[in-house]
There are 2 protein chains.
Amino acid sequence: MIDCDVHNDWSSSNVLLPYIDPTFRDYLLRGELPGARGSFPHAHRPWLHPEDFRRHDIKPTTDDEHYSFMREHLLDRYQHDVAILTGEEALEVSTLANPHYASALARAYNDWAVDTWLPRDDRFWMSLIVAPQDPQGAAAEIRRLGAHPRVVQVLTSHGSYRPYGDKFYEPIWEACHEMGLPWAVHLGGQGGINYQPIGGGPTTYYWETHALLLQPAMTHVASVIANGIFERYPNQKLLVIECGVTWLPSILWRLDANWRALRKETPWVKRLPSEYARDHIRMSTQPLEEAATKQQLWDVLRAMDGENMLMFASDYPHWDFDAPDDMPLPPTWMDKVMDANARQVYTKLPRTPVPWQLDAHKEPAL
Amino acid sequence: MIDCDVHNDWSSSNVLLPYIDPTFRDYLLRGELPGARGSFPHAHRPWLHPEDFRRHDIKPTTDDEHYSFMREHLLDRYQHDVAILTGEEALEVSTLANPHYASALARAYNDWAVDTWLPRDDRFWMSLIVAPQDPQGAAAEIRRLGAHPRVVQVLTSHGSYRPYGDKFYEPIWEACHEMGLPWAVHLGGQGGINYQPIGGGPTTYYWETHALLLQPAMTHVASVIANGIFERYPNQKLLVIECGVTWLPSILWRLDANWRALRKETPWVKRLPSEYARDHIRMSTQPLEEAATKQQLWDVLRAMDGENMLMFASDYPHWDFDAPDDMPLPPTWMDKVMDANARQVYTKLPRTPVPWQLDAHKEPAL
């Protein structure tokens with residue numbers, strides 16, 4: 001089983017001190033931070049989770065404790081074959097005004113993760129976090145570390161300065177394609193220099209806002225297709241992580257109809273948007289929508305070819321964690337969604353898919 | 001058959017001169033306008049339709065011609081029983097910085113429509129357009145004209161300064177509820193003082209953007225529910241016009257799950273968001289999504305109880321007009337979607353539903 005969203009948190013951002021460029025070491029040691037010493041430099045959302053989005057029952061104080069807790073409560077309990085590490089606060093570098101500092105922090109995170117997380121467990125594979133507001137710096141980072149045998153994707157927040165199909169990001173697409181890495185877009189990065197994440201006005205409450213945070217993901221899907229990324233980079237994949245999934249058919253149908261009527265506006269878009277999505281876009285499951293009935297959910301998932309489009313993710317250790325032994329999906333899809341689809345996308349993983357065995361995963365949930 | 005979105009265009013905004021408050025008459029006659037003399041005062045979108053969203057084959061030069069063209073090509077051809085007039089550019093008053101001027105223009109539009117459109121045809125019923133950035137002015141307008149026997153709804157653009165559940169709009173909800181009128185939110189109002197309509201960054205092309213313009217509607221749905229509008233105004237309806245429909249299950253499932261987990265944040269929200277939606281929200285069909293197969297579309301529509309949630313709209317005379325004789329809906333839903341659902345919402349219409357007769361509507365499409 002492959003879990004596409006496992007957060008390897010740190011005890012404090014001081015863990016980055018041995019790794020960060022000397023120019024910016026002082027910023028971390030002495031400079032202004034958004035919280036107490038040891039907090040990570042980023043802007044914060046104006047929507048604060050009333051219980052904290054990190055679970056209160058999982059708050060280790062050291063990095064080793066983070067790992068041993070994760071091993072006990074996630075990796076061993078659910079018998080993970082692969083856990084794709086997605087960092088935690090490091091993703092929020094996208095909110096910083098200073099692109100040089102943002103890229104320095106991303107580089108430090110990547111080196112720290114290679115150095116301290118990968119050696120801990122054979123099941124770990126990692127994301128390369130980059131600062132999308134610094135496309136040249138991000139591209140250089142992808143070329144610096146992208147060939148590492150355990151680096152399987154480039155990762156940015158879905159909160160962004162512009163939609164990711166925009167010309168501004170061309171160096172990142174170019175580097176991803178060159179290194180054979182998917183670009184994964186993960187919920188986060190609301191605030192700071194990033195554009196408003198929700199259309200129509202500032203929402204009020206956390207639960208309302210969180211539900212609407214699918215919108216930037218929808219925007220990236222449309223933008224990447226409309227700007228011809230998949231024509232220029234024919235093997236490129238875009239992954240959408242932690243943004244929900246059932247909104248996809250609706251936006252693809254709208255894009256298909258509009259492209260048919262107005263294709264003269266983008267002559268480089270040669271195929272239906274839904275065809276690009278089928279070949280180039282994958283989505284992680286968590287938080288999988290909870291419909292009134294399983295049938296309703298499955299009907300919508302079938303309309304988006306969920307069997308081939310979805311990749312399992314738990315989002316450990318967050319408030320809305322999805323347990324791998326409690327996925328409300330059609331049983332015949334499980335081999336693909338829990339394992340094989342991710343192996344197609346993360347080409348550095350061993351290519352032999354592991355069949356989904358429900359028995360092996362019958363341990364009580366966390 | 002009831003058509004919930006019929007645009008009664010004007011030949012020039014000069015038609016408003018006899019109706020507008022004297023204070024603002026000079027603004028229209030002598031003041032700055034966004035186009036040539038006779039253009040309507042509003043901000044314009046940065047996304048320009050490459051063919052114009054108004055059809056080139058329907059460009060009458062006088063108001064009478066507008067009507068006779070509409071009668072021939074829409075009302076008589078498809079045998080409409082009811083056409084709900086939704087104005088045209090007047091909706092864009094929401095984009096103006098000066099709320100007094102915006103409300104004066106809305107009032108002038110309403111008086112002009114009562115005076116010149118309603119008398120033309122027994123099939124006409126109208127929307128009261130208000131300037132949402134002027135909640136007190138909008139509420140006064142709703143009380144001034146809301147009791148007119150042919151006024152069936154209050155209408156604003158879906159582009160807005162804040163999401164419509166926000167406290168700022170309380171006077172409008174109060175007046176709607178008092179006068180027994182639904183608040184209808186119609187695609188439009190992108191630009192000017194309004195908040196960015198699309199989350200995640202400024203999109204590039206018209207077709208891409210138009211597909212994403214469901215986002216502010218989604219935001220209003222969430223905001224109105226989260227802020228308890230339907231608890232404070234128990235008979236109130238919110239109508240979503242021209243924003244697509246198949247995105248609704250996805251956002252309601254997300255809202256339901258989040259509310260269940262975090263209901264302490266909004267103790268005034270007593271029921272599942274999807275239950276409020278079922279009782280209080282209705283959507284017009286156009287532009288109905290075009291799925292790869294009818295089955296896929298119907299599966300999603302069933303998941304949102306489309307049979308009871310949808311009301312037919314043609315959006316005459318725009319580029320993406322939906323013909324009433326070509327609606328890809330389950331045949332057993334037609335009585336409700338083409339007629340009965342709208343009669344439940346627009347309580348001033350005669351309450352006897354007209355059964356849908358396919359034969360009577362077999363004329364060739366426009």
# chains A, B, ... in the order shown; residues from 1 in each chain; ligands from 1

$ interface_residues --of "chain B" --to "chain A" --cutoff "7 Å" --atoms "only C-alpha atoms" --output "short mmCIF file (atom, residue, chain, number, x, y, z; two decimals) with N, CA, C and O atoms, in the first residue's frame"
data_model
loop_
_atom_site.label_atom_id
_atom_site.label_comp_id
_atom_site.auth_asym_id
_atom_site.auth_seq_id
_atom_site.Cartn_x
_atom_site.Cartn_y
_atom_site.Cartn_z
N PRO B 50 -13.83 36.39 -26.92
CA PRO B 50 -13.26 36.67 -28.25
C PRO B 50 -14.29 36.80 -29.36
O PRO B 50 -13.94 37.22 -30.47
N GLY B 159 -20.65 38.04 -8.77
CA GLY B 159 -19.45 38.78 -8.38
C GLY B 159 -19.85 39.72 -7.26
O GLY B 159 -20.89 40.38 -7.33
N SER B 160 -19.07 39.80 -6.21
CA SER B 160 -19.49 40.54 -5.02
C SER B 160 -18.29 41.03 -4.23
O SER B 160 -17.17 40.58 -4.41
N TYR B 161 -18.59 41.94 -3.36
CA TYR B 161 -17.61 42.56 -2.49
C TYR B 161 -17.21 41.58 -1.38
O TYR B 161 -16.06 41.47 -0.99
N ARG B 162 -18.19 40.87 -0.86
CA ARG B 162 -17.98 39.83 0.14
C ARG B 162 -18.95 38.69 -0.17
O ARG B 162 -19.91 38.88 -0.91
N PRO B 163 -18.75 37.49 0.41
CA PRO B 163 -19.75 36.43 0.21
C PRO B 163 -21.09 36.83 0.84
O PRO B 163 -21.11 37.48 1.88
N TYR B 195 -14.57 41.55 -5.25
CA TYR B 195 -13.47 40.66 -4.89
C TYR B 195 -13.11 39.78 -6.08
O TYR B 195 -13.94 39.54 -6.96
N GLN B 196 -11.89 39.30 -6.10
CA GLN B 196 -11.47 38.42 -7.19
C GLN B 196 -12.42 37.22 -7.28
O GLN B 196 -12.68 36.58 -6.27
N PRO B 197 -12.91 36.92 -8.49
CA PRO B 197 -13.93 35.87 -8.59
C PRO B 197 -13.37 34.46 -8.57
O PRO B 197 -14.11 33.50 -8.39
N ILE B 198 -12.05 34.32 -8.79
CA ILE B 198 -11.48 32.99 -8.93
C ILE B 198 -10.33 32.82 -7.95
O ILE B 198 -9.44 33.67 -7.89
N GLY B 199 -10.38 31.74 -7.17
CA GLY B 199 -9.35 31.50 -6.18
C GLY B 199 -8.08 30.98 -6.81
O GLY B 199 -8.13 30.19 -7.75
N GLY B 200 -6.92 31.42 -6.29
CA GLY B 200 -5.67 30.85 -6.75
C GLY B 200 -4.92 31.68 -7.77
O GLY B 200 -3.79 31.36 -8.11
N GLY B 201 -5.52 32.76 -8.25
CA GLY B 201 -4.79 33.62 -9.16
C GLY B 201 -5.58 34.01 -10.38
O GLY B 201 -6.57 33.36 -10.70
N PRO B 202 -5.14 35.07 -11.05
CA PRO B 202 -5.86 35.55 -12.23
C PRO B 202 -5.66 34.60 -13.40
O PRO B 202 -4.53 34.37 -13.83
N THR B 203 -6.74 34.05 -13.89
CA THR B 203 -6.66 33.17 -15.05
C THR B 203 -6.42 33.98 -16.31
O THR B 203 -6.43 35.22 -16.27
N TRP B 207 -12.39 31.28 -22.08
CA TRP B 207 -13.07 29.98 -21.92
C TRP B 207 -12.66 29.29 -20.63
O TRP B 207 -13.49 28.66 -19.96
N GLU B 208 -11.40 29.45 -20.29
CA GLU B 208 -10.88 28.89 -19.03
C GLU B 208 -11.57 29.58 -17.84
O GLU B 208 -12.06 28.93 -16.91
N ALA B 211 -15.34 28.83 -17.33
CA ALA B 211 -15.57 27.53 -16.69
C ALA B 211 -15.40 27.64 -15.17
O ALA B 211 -16.13 27.01 -14.40
N LEU B 212 -14.44 28.46 -14.74
CA LEU B 212 -14.14 28.58 -13.32
C LEU B 212 -15.09 29.52 -12.57
O LEU B 212 -15.06 29.59 -11.34
N GLN B 215 -17.05 29.40 -9.13
CA GLN B 215 -16.47 29.51 -7.78
C GLN B 215 -17.18 30.51 -6.87
O GLN B 215 -17.47 30.19 -5.70
N PRO B 216 -17.48 31.73 -7.35
CA PRO B 216 -18.18 32.63 -6.42
C PRO B 216 -19.55 32.09 -6.01
O PRO B 216 -20.00 32.31 -4.87
N THR B 219 -19.00 29.75 -3.27
CA THR B 219 -18.67 30.52 -2.06
C THR B 219 -19.93 31.08 -1.41
O THR B 219 -20.07 31.03 -0.18
N ALA B 222 -21.83 28.31 0.47
CA ALA B 222 -21.19 27.98 1.74
C ALA B 222 -21.41 29.10 2.77
O ALA B 222 -21.75 28.85 3.93
N SER B 223 -21.24 30.32 2.33
CA SER B 223 -21.31 31.47 3.24
C SER B 223 -22.71 31.65 3.81
O SER B 223 -22.89 31.92 5.00
N ALA B 226 -23.26 28.83 6.33
CA ALA B 226 -22.41 28.92 7.53
C ALA B 226 -22.80 30.11 8.40
O ALA B 226 -22.60 30.07 9.62
N THR B 246 -23.46 20.96 -11.54
CA THR B 246 -22.95 19.67 -11.07
C THR B 246 -21.85 19.77 -10.01
O THR B 246 -21.41 18.76 -9.48
N TRP B 247 -21.42 20.98 -9.69
CA TRP B 247 -20.44 21.14 -8.61
C TRP B 247 -21.11 21.07 -7.23
O TRP B 247 -20.43 20.99 -6.21
N SER B 250 -20.41 17.97 -4.60
CA SER B 250 -19.05 17.99 -4.08
C SER B 250 -18.90 18.97 -2.93
O SER B 250 -18.40 18.64 -1.85
N ILE B 251 -19.35 20.19 -3.11
CA ILE B 251 -19.15 21.19 -2.05
C ILE B 251 -20.06 20.90 -0.85
O ILE B 251 -19.66 21.09 0.31
N TRP B 253 -20.97 17.91 0.22
CA TRP B 253 -20.35 16.81 0.97
C TRP B 253 -19.19 17.33 1.81
O TRP B 253 -19.01 16.93 2.97
N ARG B 254 -18.40 18.22 1.23
CA ARG B 254 -17.28 18.79 1.99
C ARG B 254 -17.80 19.64 3.16
O ARG B 254 -17.27 19.56 4.28
N LEU B 255 -18.82 20.43 2.90
CA LEU B 255 -19.38 21.25 3.98
C LEU B 255 -19.98 20.37 5.08
O LEU B 255 -19.79 20.63 6.27
N ALA B 257 -19.14 17.30 5.98
CA ALA B 257 -18.08 16.65 6.75
C ALA B 257 -17.41 17.65 7.69
O ALA B 257 -17.16 17.36 8.87
N ASN B 258 -17.13 18.84 7.19
CA ASN B 258 -16.44 19.83 8.02
C ASN B 258 -17.33 20.35 9.14
O ASN B 258 -16.86 20.59 10.26
N TRP B 259 -18.59 20.56 8.83
CA TRP B 259 -19.50 21.04 9.87
C TRP B 259 -19.63 20.00 10.98
O TRP B 259 -19.63 20.35 12.16
N LEU B 262 -16.54 20.36 13.14
CA LEU B 262 -16.21 21.66 13.75
C LEU B 262 -17.42 22.52 14.03
O LEU B 262 -17.36 23.74 13.98
N GLU B 265 -17.75 25.88 15.96
CA GLU B 265 -17.38 27.20 15.42
C GLU B 265 -18.61 28.04 15.05
O GLU B 265 -18.53 29.27 15.02
N GLU B 289 -24.13 21.25 -17.69
CA GLU B 289 -22.87 20.63 -18.07
C GLU B 289 -23.10 19.56 -19.14
O GLU B 289 -24.09 18.82 -19.08
N GLU B 290 -22.18 19.49 -20.07
CA GLU B 290 -22.24 18.47 -21.11
C GLU B 290 -21.24 17.38 -20.76
O GLU B 290 -20.04 17.55 -20.92
N ALA B 291 -21.74 16.27 -20.25
CA ALA B 291 -20.86 15.17 -19.86
C ALA B 291 -20.56 14.31 -21.08
O ALA B 291 -21.20 14.44 -22.12
N GLN B 296 -23.44 9.64 -17.09
CA GLN B 296 -22.54 10.32 -16.16
C GLN B 296 -23.19 11.58 -15.60
O GLN B 296 -23.15 11.85 -14.40
N ASP B 299 -26.08 10.68 -13.21
CA ASP B 299 -25.59 10.17 -11.92
C ASP B 299 -25.30 11.35 -10.98
O ASP B 299 -25.67 11.33 -9.81
N VAL B 300 -24.61 12.35 -11.49
CA VAL B 300 -24.26 13.49 -10.64
C VAL B 300 -25.52 14.30 -10.29
O VAL B 300 -25.71 14.72 -9.14
N ALA B 303 -27.33 12.71 -7.54
CA ALA B 303 -26.66 12.89 -6.24
C ALA B 303 -27.00 14.24 -5.62
O ALA B 303 -26.81 14.45 -4.42
#

$ residues_around --residues "A:Arg120" --least-positions-apart "2" --cutoff "12 Å" --atoms "only C-alpha atoms" --output "PyMOL selection string"
chain A and resi 8+63-68+70-71+113-118+122-125

$ closest_residue --among "B:Gly228, B:Ala342, B:Asn235, B:Trp268" --to "B:Glu178" --atoms "only C-alpha atoms"
B:Asn235

$ residues_around --residues "stretch 136-140 of chain B" --least-positions-apart "6" --cutoff "9 Å" --atoms "only C-alpha atoms" --output "number ranges by chain"
B: 99-100, 103-104, 106, 129-130, 169, 171-176

$ closest_residue --among "A:Asp134, A:Asp5, A:Glu92, A:Asp111" --to "A:Gln153" --atoms "only C-alpha atoms"
A:Asp5

$ closest_residue --among "B:Ala43, B:Val269, B:Ile58, B:Leu329" --to "B:Glu72" --atoms "only C-alpha atoms"
B:Ile58

$ atom_distance --atom1 "atom CA of B:His7" --atom2 "atom CA of B:Arg278"
27.4 Å

$ select_by_dssp --residues "stretch 110-145 of chain B" --states "alpha helix (DSSP H)" --output "ChimeraX atom specification"
/B:110-112,135-145

$ write_last_selection --atoms "all heavy atoms" --output "mmCIF file, in the first residue's frame"
data_model
loop_
_atom_site.group_PDB
_atom_site.id
_atom_site.type_symbol
_atom_site.label_atom_id
_atom_site.label_comp_id
_atom_site.auth_asym_id
_atom_site.auth_seq_id
_atom_site.Cartn_x
_atom_site.Cartn_y
_atom_site.Cartn_z
ATOM 1 N N ASN B 110 -35.179 49.215 -12.775
ATOM 2 C CA ASN B 110 -36.406 48.542 -12.334
ATOM 3 C C ASN B 110 -37.647 49.288 -12.825
ATOM 4 O O ASN B 110 -38.602 48.670 -13.310
ATOM 5 C CB ASN B 110 -36.412 48.420 -10.803
ATOM 6 C CG ASN B 110 -35.329 47.460 -10.314
ATOM 7 O OD1 ASN B 110 -34.981 46.498 -11.004
ATOM 8 N ND2 ASN B 110 -34.790 47.729 -9.127
ATOM 9 N N ASP B 111 -37.618 50.622 -12.714
ATOM 10 C CA ASP B 111 -38.780 51.394 -13.168
ATOM 11 C C ASP B 111 -38.963 51.281 -14.680
ATOM 12 O O ASP B 111 -40.083 51.171 -15.185
ATOM 13 C CB ASP B 111 -38.631 52.862 -12.747
ATOM 14 C CG ASP B 111 -38.931 53.051 -11.255
ATOM 15 O OD1 ASP B 111 -39.642 52.193 -10.678
ATOM 16 O OD2 ASP B 111 -38.453 54.040 -10.666
ATOM 17 N N TRP B 112 -37.849 51.323 -15.393
ATOM 18 C CA TRP B 112 -37.909 51.171 -16.855
ATOM 19 C C TRP B 112 -38.477 49.802 -17.237
ATOM 20 O O TRP B 112 -39.327 49.701 -18.133
ATOM 21 C CB TRP B 112 -36.493 51.347 -17.423
ATOM 22 C CG TRP B 112 -36.338 50.989 -18.874
ATOM 23 C CD1 TRP B 112 -36.770 51.729 -19.950
ATOM 24 C CD2 TRP B 112 -35.718 49.812 -19.413
ATOM 25 N NE1 TRP B 112 -36.445 51.080 -21.118
ATOM 26 C CE2 TRP B 112 -35.796 49.902 -20.814
ATOM 27 C CE3 TRP B 112 -35.084 48.709 -18.842
ATOM 28 C CZ2 TRP B 112 -35.267 48.914 -21.665
ATOM 29 C CZ3 TRP B 112 -34.562 47.733 -19.675
ATOM 30 C CH2 TRP B 112 -34.656 47.830 -21.066
ATOM 31 N N PRO B 135 -26.285 47.974 0.945
ATOM 32 C CA PRO B 135 -27.335 47.126 1.536
ATOM 33 C C PRO B 135 -28.574 47.911 1.969
ATOM 34 O O PRO B 135 -29.695 47.446 1.770
ATOM 35 C CB PRO B 135 -26.633 46.477 2.734
ATOM 36 C CG PRO B 135 -25.182 46.514 2.388
ATOM 37 C CD PRO B 135 -24.991 47.784 1.621
ATOM 38 N N GLN B 136 -28.375 49.121 2.527
ATOM 39 C CA GLN B 136 -29.533 49.898 2.962
ATOM 40 C C GLN B 136 -30.354 50.357 1.753
ATOM 41 O O GLN B 136 -31.583 50.260 1.746
ATOM 42 C CB GLN B 136 -29.104 51.114 3.792
ATOM 43 C CG GLN B 136 -28.694 50.767 5.225
ATOM 44 C CD GLN B 136 -27.374 49.999 5.320
ATOM 45 O OE1 GLN B 136 -26.529 50.066 4.416
ATOM 46 N NE2 GLN B 136 -27.175 49.251 6.395
ATOM 47 N N GLY B 137 -29.657 50.824 0.706
ATOM 48 C CA GLY B 137 -30.349 51.246 -0.512
ATOM 49 C C GLY B 137 -31.058 50.076 -1.173
ATOM 50 O O GLY B 137 -32.184 50.206 -1.670
ATOM 51 N N ALA B 138 -30.407 48.919 -1.163
ATOM 52 C CA ALA B 138 -31.012 47.729 -1.771
ATOM 53 C C ALA B 138 -32.268 47.325 -1.009
ATOM 54 O O ALA B 138 -33.314 47.016 -1.603
ATOM 55 C CB ALA B 138 -30.005 46.583 -1.787
ATOM 56 N N ALA B 139 -32.180 47.372 0.321
ATOM 57 C CA ALA B 139 -33.343 46.994 1.139
ATOM 58 C C ALA B 139 -34.506 47.953 0.886
ATOM 59 O O ALA B 139 -35.666 47.535 0.777
ATOM 60 C CB ALA B 139 -32.952 46.985 2.617
ATOM 61 N N ALA B 140 -34.190 49.249 0.765
ATOM 62 C CA ALA B 140 -35.247 50.232 0.500
ATOM 63 C C ALA B 140 -35.906 49.953 -0.853
ATOM 64 O O ALA B 140 -37.132 50.054 -0.998
ATOM 65 C CB ALA B 140 -34.657 51.647 0.536
ATOM 66 N N GLU B 141 -35.095 49.575 -1.833
ATOM 67 C CA GLU B 141 -35.630 49.297 -3.167
ATOM 68 C C GLU B 141 -36.530 48.057 -3.134
ATOM 69 O O GLU B 141 -37.574 48.015 -3.786
ATOM 70 C CB GLU B 141 -34.474 49.107 -4.158
ATOM 71 C CG GLU B 141 -34.877 48.776 -5.584
ATOM 72 C CD GLU B 141 -35.626 49.907 -6.280
ATOM 73 O OE1 GLU B 141 -35.965 50.907 -5.617
ATOM 74 O OE2 GLU B 141 -35.913 49.772 -7.492
ATOM 75 N N ILE B 142 -36.118 47.059 -2.353
ATOM 76 C CA ILE B 142 -36.921 45.831 -2.242
ATOM 77 C C ILE B 142 -38.273 46.151 -1.605
ATOM 78 O O ILE B 142 -39.316 45.655 -2.027
ATOM 79 C CB ILE B 142 -36.148 44.761 -1.427
ATOM 80 C CG1 ILE B 142 -34.900 44.331 -2.203
ATOM 81 C CG2 ILE B 142 -37.038 43.556 -1.123
ATOM 82 C CD1 ILE B 142 -33.885 43.549 -1.370
ATOM 83 N N ARG B 143 -38.266 47.052 -0.621
ATOM 84 C CA ARG B 143 -39.541 47.431 0.025
ATOM 85 C C ARG B 143 -40.364 48.346 -0.877
ATOM 86 O O ARG B 143 -41.590 48.325 -0.843
ATOM 87 C CB ARG B 143 -39.268 48.096 1.372
ATOM 88 C CG ARG B 143 -38.671 47.115 2.390
ATOM 89 C CD ARG B 143 -38.646 47.638 3.811
ATOM 90 N NE ARG B 143 -38.213 46.575 4.718
ATOM 91 C CZ ARG B 143 -36.944 46.392 5.130
ATOM 92 N NH1 ARG B 143 -35.989 47.225 4.752
ATOM 93 N NH2 ARG B 143 -36.635 45.378 5.921
ATOM 94 N N ARG B 144 -39.711 49.147 -1.723
ATOM 95 C CA ARG B 144 -40.437 50.064 -2.609
ATOM 96 C C ARG B 144 -41.204 49.308 -3.681
ATOM 97 O O ARG B 144 -42.361 49.589 -3.964
ATOM 98 C CB ARG B 144 -39.432 51.031 -3.265
ATOM 99 C CG ARG B 144 -40.080 52.081 -4.173
ATOM 100 C CD ARG B 144 -39.049 53.044 -4.781
ATOM 101 N NE ARG B 144 -38.265 52.453 -5.861
ATOM 102 C CZ ARG B 144 -38.578 52.540 -7.167
ATOM 103 N NH1 ARG B 144 -39.655 53.208 -7.549
ATOM 104 N NH2 ARG B 144 -37.814 51.968 -8.083
ATOM 105 N N LEU B 145 -40.553 48.305 -4.301
ATOM 106 C CA LEU B 145 -41.163 47.660 -5.470
ATOM 107 C C LEU B 145 -41.450 46.176 -5.287
ATOM 108 O O LEU B 145 -42.024 45.542 -6.164
ATOM 109 C CB LEU B 145 -40.239 47.827 -6.691
ATOM 110 C CG LEU B 145 -40.439 49.049 -7.567
ATOM 111 C CD1 LEU B 145 -39.535 48.963 -8.797
ATOM 112 C CD2 LEU B 145 -41.904 49.181 -8.022
#

$ select_by_dssp --residues "stretch 22-238 of chain A" --states "strand (DSSP E)" --output "PyMOL selection string"
chain A and resi 82-85+124-129+151-157+183-186+238

$ residues_around --residues "A:Ser11" --least-positions-apart "6" --cutoff "9 Å" --atoms "only C-alpha atoms" --output "MDAnalysis selection string"
chainID A and resid 38 59:63 66

$ atom_distance --atom1 "atom CA of B:Ala97" --atom2 "atom CA of B:Gly189"
12.4 Å

$ atom_distance --atom1 "atom CA of A:Asp57" --atom2 "atom CA of A:Leu75"
16.9 Å
